[in-house]
Amino acid sequence: MTDIKPKAKAKPKKNENVENKYFSHKELKCKHTGENKFDPEFLELLTKIRIECDFPFAISSAYRSPQHPIEMRKSRAGAHTSGKAVDILCRGENAVKLVSVAIAFGITRIGIQQKGSGRFIHIDACTQDDFPEIENYPEETIWSY
Ligand SMILES: [Zn+2]
C-alpha cells in the first residue's frame with residue numbers, strides 16, 4: 001500500500017478568500033491593516049441586496065480593524081469592526097433603492113450621509129450578540145452623520 005500524503009493546503013493570507021464576483025478582497029479589507037475579517041454570511045446578504053438593487057456598489061468602507069484611525073477615535077469600536085457593516089457610496093434614486101431593498105432583506109441598522117460630497121449609506125447586520133459589552137445595543141435604528 002502506497003503512502004499518500006495529503007496535499008499541503010495554501011494558507012490564505014489575511015483571509016483573502018472572503019470575496020466574490022461582486023465584492024473584492026481589496027474592497028472588503030481594512031484600509032489600515034489590510035486584514036479582511038469581513039463576515040462571510042453578511043457578504044452573502046450584501047450580495048443578494050446588490051443583485052436586487054442592480055447597480056454597482058462603490059464601497060468606501062467595509063471591514064475595519066479596531067486599530068483603524070476611525071475606530072480609535074471612538075470611545076469603543078463600532079459596527080465595522082464586526083465585519084458585518086458596509087458603507088456604499090450612493091445618492092438620489094440609488095440611495096432610495098438601496099435603503100428599501102436593504103430593509104426588505106431584513107437590515108434594521110442604517111446610517112445616512114447625504115450632504116455634500118462623499119454621500120453614502122451605511123448598512124449593517126450587527127446585533128446585541130456582536131457587542132455583549134454594550135447595554136441595550138440598538139438593533140433597529142437609523143442615524144445621520
Ligand atoms: Zn459605516
# chains A, B, ... in the order shown; residues from 1 in each chain; ligands from 1
>>> residues_near_ligand(ligand="ligand 1", cutoff="12 Å", atoms="only C-alpha atoms and all ligand atoms", output="MDAnalysis selection string")
chainID A and resid 59:64 70:71 77:89 109:113 119:126 142:145
>>> write_last_selection(atoms="C-alpha atoms", output="mmCIF file, in the first residue's frame")
data_model
loop_
_atom_site.group_PDB
_atom_site.id
_atom_site.type_symbol
_atom_site.label_atom_id
_atom_site.label_comp_id
_atom_site.auth_asym_id
_atom_site.auth_seq_id
_atom_site.Cartn_x
_atom_site.Cartn_y
_atom_site.Cartn_z
ATOM 1 C CA ILE A 59 -17.737 50.504 -1.245
ATOM 2 C CA SER A 60 -15.995 53.253 0.721
ATOM 3 C CA SER A 61 -15.537 51.188 3.880
ATOM 4 C CA ALA A 62 -16.185 47.566 4.848
ATOM 5 C CA TYR A 63 -14.169 45.687 7.493
ATOM 6 C CA ARG A 64 -12.262 47.967 9.856
ATOM 7 C CA ILE A 70 -11.743 55.993 12.670
ATOM 8 C CA GLU A 71 -12.334 53.283 15.278
ATOM 9 C CA ALA A 77 -15.137 50.052 18.453
ATOM 10 C CA GLY A 78 -18.136 50.321 16.127
ATOM 11 C CA ALA A 79 -20.091 48.125 13.716
ATOM 12 C CA HIS A 80 -17.369 47.939 11.035
ATOM 13 C CA THR A 81 -15.069 46.022 13.409
ATOM 14 C CA SER A 82 -17.580 43.138 13.416
ATOM 15 C CA GLY A 83 -17.172 42.628 9.652
ATOM 16 C CA LYS A 84 -20.943 42.978 9.254
ATOM 17 C CA ALA A 85 -21.062 46.597 8.100
ATOM 18 C CA VAL A 86 -20.512 48.411 4.852
ATOM 19 C CA ASP A 87 -20.610 51.995 3.555
ATOM 20 C CA ILE A 88 -21.894 52.295 -0.006
ATOM 21 C CA LEU A 89 -21.334 55.500 -1.955
ATOM 22 C CA ARG A 109 -29.434 49.391 11.177
ATOM 23 C CA ILE A 110 -28.942 52.165 8.641
ATOM 24 C CA GLY A 111 -26.734 55.258 8.616
ATOM 25 C CA ILE A 112 -27.368 58.071 6.164
ATOM 26 C CA GLN A 113 -24.821 60.624 4.963
ATOM 27 C CA ARG A 119 -22.599 60.767 0.118
ATOM 28 C CA PHE A 120 -23.099 57.227 1.351
ATOM 29 C CA ILE A 121 -25.445 54.790 3.030
ATOM 30 C CA HIS A 122 -24.175 52.591 5.849
ATOM 31 C CA ILE A 123 -25.901 49.270 6.425
ATOM 32 C CA ASP A 124 -25.001 46.645 8.980
ATOM 33 C CA ALA A 125 -26.319 43.426 10.455
ATOM 34 C CA CYS A 126 -24.921 43.824 13.958
ATOM 35 C CA ILE A 142 -31.429 54.877 11.624
ATOM 36 C CA TRP A 143 -28.924 57.658 12.125
ATOM 37 C CA SER A 144 -27.413 60.528 10.178
ATOM 38 C CA TYR A 145 -23.795 61.723 10.220
#
>>> closest_residue(among="A:Phe57, A:Tyr137, A:Glu52, A:Asp129", to="Ile103 in chain A", atoms="only C-alpha atoms")
A:Glu52
>>> select_by_dssp(residues="range 26-109 of chain A", states="alpha helix (DSSP H)", output="PyMOL selection string")
chain A and resi 26-28+40-53+69-72+92-104
>>> closest_residue(among="A:Asn20, A:Thr33, A:Ser65, A:Asn15", to="Leu46 in chain A", atoms="only C-alpha atoms")
A:Asn20
>>> residues_around(residues="Val18 in chain A", least_positions_apart="2", cutoff="7 Å", atoms="only C-alpha atoms", output="number ranges by chain")
A: 15-16, 25, 38, 40
>>> closest_residue(among="A:Glu44, A:Phe131, A:Leu28, A:Phe23", to="Phe105 in chain A", atoms="only C-alpha atoms")
A:Glu44
